[in-house]
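Undergrad: This is the structure I have questions about; it appears just below.
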Amino acid sequence: MAYEDSGLLDNLFEGQERRTVSEIPAKMVLFEHLAEHLTAAEVQDMLLPFAFEEALCRDIGAGLLPPCLHIWSHPGGVALGLRDSRLPHAAEGMAGLERAGYRAAVRHSGGAAVPLDTGVVNVSLILPKAPGKLDFHDDFRLLASLIAEAAAVSHPQAAARIRAGEITGSYCPGDFDLAIGGRKFCGIAQRRQSGAYFVHAFVVVSGSGRERGELIRGFYRTASGGDESLDYPRVRPETIAALGELGGPDAAAVYAAGIRQAAARRGVQLTPAGRLRQESGYDLQYSDPRVLETAAMLRQRYAR
């Protein structure tokens, strides 16, 4: 379904070349795994959400289910990018995070280190890949606009100030960072398979952005061994903020509801995973053997 709020869209991409935004599918399956509903076993393995989306992606590519929207959070950890894991003292940096009470793991999607906690809402669009599709920037713009519209559901004035563009000094910097007043609260990455792909955003909703920035800066300080010649983000904690600190929604549940409402306002028919299970028999859980096997594979393949 086409995005209709041209005013919010113009503000979001202010100063950028006018480009297309993908249309969101008219029918999607909704999967939700917010931290407060996870089991003790699910809390222990922070790779489960990534493995779950990997399995979803394969099934969508095989035509087993429609496009999906996945909203999730994790109570505490740091997800590293592949290049982070190649820093000379990455293992020492990860051990330091573990000692401080943060689980650490290497994810397979693009980007660099990001914190995961109950105040960070992760939003993924898992979509079939159209034949010949090469430019995924329009999908980045689609998710960026959905993220902004979700904030506008409860806090329209703050949402009108959201801008897209790389924030120098932030962790996991990229062209589609989302910020208010130059302080980043959201980053976007992607992962491709042969028949499908997902576009993923982390949205810092509540808590302290500066404290998260300090955490990631500390990891890089250790993992790099202080070698300034290495390629890693030079994090300045003051460039990070939570939406709640920027005048936006300040609760994960409120923001997750905003994502659902933003999709519905675009005319998307969201089918809850439970209803899909009743209607078609398709059932994928974090505890599914395929998800557990994929998590184990990711851990083995990308472990340092």
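Letters for chains follow the order of the structure tokens (A, B, ...), residue numbers begin at 1 for each chain, and ligand numbers begin at 1 in the order shown.
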Write out as a Markdown table the residues of range 191-266 of chain A that have any atom within 9 Å of an atom of range 67-79 of chain A, one row each with the nearest atom pair and its distance in Å to one decimal, counting only C-alpha atoms, sorted by chain and then rising number.
TA:
```
| residue | atom | partner | partner_atom | distance |
| --- | --- | --- | --- | --- |
| A:Ile216 | CA | A:Val78 | CA | 8.2 |
| A:Ala252 | CA | A:Ser73 | CA | 8.7 |
| A:Ala256 | CA | A:Ile71 | CA | 7.0 |
| A:Ile259 | CA | A:Ile71 | CA | 8.4 |
```
Undergrad: Using all heavy atoms, can you export the residues from the last selection as a CSV table (one decimal), in the first residue's frame?
TA:
```
chain,number,residue,atom,x,y,z
A,216,ILE,N,28.8,1.1,24.0
A,216,ILE,CA,29.3,0.6,22.7
A,216,ILE,C,30.7,1.2,22.5
A,216,ILE,O,31.6,0.6,22.0
A,216,ILE,CB,28.4,1.0,21.6
A,216,ILE,CG1,27.0,0.4,21.7
A,216,ILE,CG2,29.0,0.6,20.2
A,216,ILE,CD1,27.1,-1.1,21.9
A,252,ALA,N,8.1,1.0,25.2
A,252,ALA,CA,8.2,0.1,24.1
A,252,ALA,C,6.8,-0.4,23.7
A,252,ALA,O,6.6,-0.5,22.5
A,252,ALA,CB,9.1,-1.1,24.6
A,256,ALA,N,5.4,-0.1,20.0
A,256,ALA,CA,5.0,-1.3,19.2
A,256,ALA,C,3.6,-1.1,18.7
A,256,ALA,O,3.3,-1.5,17.6
A,256,ALA,CB,5.2,-2.5,20.1
A,259,ILE,N,3.5,1.0,15.7
A,259,ILE,CA,3.9,0.3,14.4
A,259,ILE,C,2.7,-0.4,13.8
A,259,ILE,O,2.4,-0.3,12.6
A,259,ILE,CB,5.0,-0.7,14.7
A,259,ILE,CG1,6.4,0.1,14.9
A,259,ILE,CG2,5.2,-1.7,13.6
A,259,ILE,CD1,7.0,0.7,13.7
```
Undergrad: Do a neighbour search on Ala55 in chain A at 7 Å with only C-alpha atoms, toss out local chain neighbours closer than 4 positions, and write the hits as a list in words.
TA: Ala51, Asp59 and Val291 of chain A
Undergrad: Could you dump the residues just selected with C-alpha atoms as a tab-separated table (two decimals), in the first residue's frame?
TA:
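Saved to selection-v5.tsv:
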```tsv
chain	number	residue	atom	x	y	z
A	51	ALA	CA	17.58	-17.06	13.46
A	59	ASP	CA	9.82	-19.78	4.00
A	291	VAL	CA	15.18	-21.82	14.55
```
Undergrad: Run DSSP on the backbone of this structure and report the residues of range 43-117 of chain A it assigns to strand (DSSP E), as a PDB file with N, CA and C atoms, in the first residue's frame.
TA:
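Produced file states.pdb, reproduced below:
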```pdb
ATOM      1  N   CYS A  68       5.971 -10.646   5.985  1.00  0.00           N
ATOM      2  CA  CYS A  68       5.798 -10.607   7.438  1.00  0.00           C
ATOM      3  C   CYS A  68       6.331  -9.315   8.048  1.00  0.00           C
ATOM      4  N   LEU A  69       5.722  -8.945   9.157  1.00  0.00           N
ATOM      5  CA  LEU A  69       6.188  -7.866  10.017  1.00  0.00           C
ATOM      6  C   LEU A  69       6.553  -8.489  11.351  1.00  0.00           C
ATOM      7  N   HIS A  70       7.780  -8.288  11.793  1.00  0.00           N
ATOM      8  CA  HIS A  70       8.246  -8.860  13.061  1.00  0.00           C
ATOM      9  C   HIS A  70       8.639  -7.723  13.991  1.00  0.00           C
ATOM     10  N   ILE A  71       8.010  -7.675  15.160  1.00  0.00           N
ATOM     11  CA  ILE A  71       8.303  -6.673  16.181  1.00  0.00           C
ATOM     12  C   ILE A  71       8.850  -7.411  17.395  1.00  0.00           C
ATOM     13  N   TRP A  72      10.061  -7.047  17.846  1.00  0.00           N
ATOM     14  CA  TRP A  72      10.649  -7.802  18.946  1.00  0.00           C
ATOM     15  C   TRP A  72      11.586  -6.937  19.785  1.00  0.00           C
ATOM     16  N   GLY A  76      18.539  -7.683  27.260  1.00  0.00           N
ATOM     17  CA  GLY A  76      19.850  -7.102  27.523  1.00  0.00           C
ATOM     18  C   GLY A  76      20.974  -7.770  26.776  1.00  0.00           C
ATOM     19  N   GLY A  77      21.593  -7.066  25.856  1.00  0.00           N
ATOM     20  CA  GLY A  77      22.712  -7.629  25.123  1.00  0.00           C
ATOM     21  C   GLY A  77      23.275  -6.625  24.137  1.00  0.00           C
ATOM     22  N   VAL A  78      24.299  -7.046  23.424  1.00  0.00           N
ATOM     23  CA  VAL A  78      24.888  -6.245  22.358  1.00  0.00           C
ATOM     24  C   VAL A  78      25.049  -7.148  21.146  1.00  0.00           C
ATOM     25  N   ALA A  79      24.453  -6.746  20.024  1.00  0.00           N
ATOM     26  CA  ALA A  79      24.590  -7.482  18.776  1.00  0.00           C
ATOM     27  C   ALA A  79      25.682  -6.818  17.948  1.00  0.00           C
ATOM     28  N   LEU A  80      26.725  -7.567  17.657  1.00  0.00           N
ATOM     29  CA  LEU A  80      27.858  -7.042  16.905  1.00  0.00           C
ATOM     30  C   LEU A  80      27.685  -7.300  15.416  1.00  0.00           C
ATOM     31  N   ARG A 103      24.744  -9.894  27.285  1.00  0.00           N
ATOM     32  CA  ARG A 103      25.073 -10.969  26.357  1.00  0.00           C
ATOM     33  C   ARG A 103      25.615 -10.361  25.069  1.00  0.00           C
ATOM     34  N   ALA A 104      26.545 -11.032  24.452  1.00  0.00           N
ATOM     35  CA  ALA A 104      27.140 -10.520  23.220  1.00  0.00           C
ATOM     36  C   ALA A 104      27.137 -11.609  22.165  1.00  0.00           C
ATOM     37  N   ALA A 105      26.770 -11.242  20.948  1.00  0.00           N
ATOM     38  CA  ALA A 105      26.749 -12.192  19.847  1.00  0.00           C
ATOM     39  C   ALA A 105      26.932 -11.423  18.548  1.00  0.00           C
ATOM     40  N   VAL A 106      27.340 -12.139  17.509  1.00  0.00           N
ATOM     41  CA  VAL A 106      27.554 -11.542  16.192  1.00  0.00           C
ATOM     42  C   VAL A 106      26.356 -11.854  15.307  1.00  0.00           C
ATOM     43  N   VAL A 114      25.222  -2.784  18.116  1.00  0.00           N
ATOM     44  CA  VAL A 114      24.066  -2.068  18.658  1.00  0.00           C
ATOM     45  C   VAL A 114      23.642  -2.743  19.964  1.00  0.00           C
ATOM     46  N   PRO A 115      23.175  -1.957  20.925  1.00  0.00           N
ATOM     47  CA  PRO A 115      22.675  -2.540  22.170  1.00  0.00           C
ATOM     48  C   PRO A 115      21.242  -3.013  22.004  1.00  0.00           C
ATOM     49  N   LEU A 116      20.902  -4.066  22.708  1.00  0.00           N
ATOM     50  CA  LEU A 116      19.535  -4.578  22.754  1.00  0.00           C
ATOM     51  C   LEU A 116      19.090  -4.595  24.208  1.00  0.00           C
ATOM     52  N   ASP A 117      17.963  -3.973  24.500  1.00  0.00           N
ATOM     53  CA  ASP A 117      17.407  -4.029  25.844  1.00  0.00           C
ATOM     54  C   ASP A 117      15.914  -3.771  25.744  1.00  0.00           C
TER      55      ASP A 117
END
```
Undergrad: So that each row is one residue of range 10-89 of chain A with an atom at most 12 Å from range 276-280 of chain A, can you give its shortest atom pair and the distance in Å to one decimal, using only C-alpha atoms, rows by chain and rising number, as JSON lines?
TA:
```
{"residue": "A:Lys27", "atom": "CA", "partner": "A:Leu276", "partner_atom": "CA", "distance": 11.9}
{"residue": "A:Met28", "atom": "CA", "partner": "A:Leu276", "partner_atom": "CA", "distance": 10.4}
{"residue": "A:Val29", "atom": "CA", "partner": "A:Leu276", "partner_atom": "CA", "distance": 7.5}
{"residue": "A:Leu30", "atom": "CA", "partner": "A:Leu276", "partner_atom": "CA", "distance": 9.2}
{"residue": "A:Phe31", "atom": "CA", "partner": "A:Leu276", "partner_atom": "CA", "distance": 10.2}
{"residue": "A:Leu64", "atom": "CA", "partner": "A:Ser280", "partner_atom": "CA", "distance": 9.9}
{"residue": "A:Leu65", "atom": "CA", "partner": "A:Leu276", "partner_atom": "CA", "distance": 9.1}
{"residue": "A:Pro66", "atom": "CA", "partner": "A:Leu276", "partner_atom": "CA", "distance": 10.1}
{"residue": "A:Cys68", "atom": "CA", "partner": "A:Leu276", "partner_atom": "CA", "distance": 11.4}
```
Undergrad: May I have the residues within 12 Å of Ala151 in chain A as JSON, numbers by chain, using only C-alpha atoms and disregarding those fewer than 5 positions away in the same chain?
TA: {"A": [8, 144, 145, 146, 156, 157, 158, 159, 160, 161, 162, 178, 180, 185, 186, 203, 204, 205, 242, 243, 244, 246, 247, 248, 249, 250, 251, 252, 254, 255, 256, 257, 258, 259, 260, 261, 262]}
Undergrad: What does the distance between CA of Glu42 in chain A and CA of Val121 in chain A come to in Å, to one decimal place?
TA: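 Answer for the CA of Glu42 in chain A to CA of Val121 in chain A separation: 16.4 Å.
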Undergrad: Can you work out which one of A:Tyr282, A:Phe198, A:Phe140, A:Phe219 has the shortest atom-to-atom distance to Glu98 in chain A, counting only C-alpha atoms?
TA: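 Answer, going by the shortest atom-to-atom distance: A:Phe219.
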Undergrad: Name the residues in contact with Arg217 in chain A at a cut-off of 7 Å, using only C-alpha atoms, excluding same-chain residues fewer than 4 positions from it; report them as an MDAnalysis selection string.
TA: chainID A and resid 213 221 235
Undergrad: Kindly indicate which residue among A:Glu92, A:Asp138, A:Asp283, A:Asp45 lies nearest to Phe176 in chain A, using only C-alpha atoms for the distances.
TA: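 Closest residue, counting only C-alpha atoms: A:Asp138.
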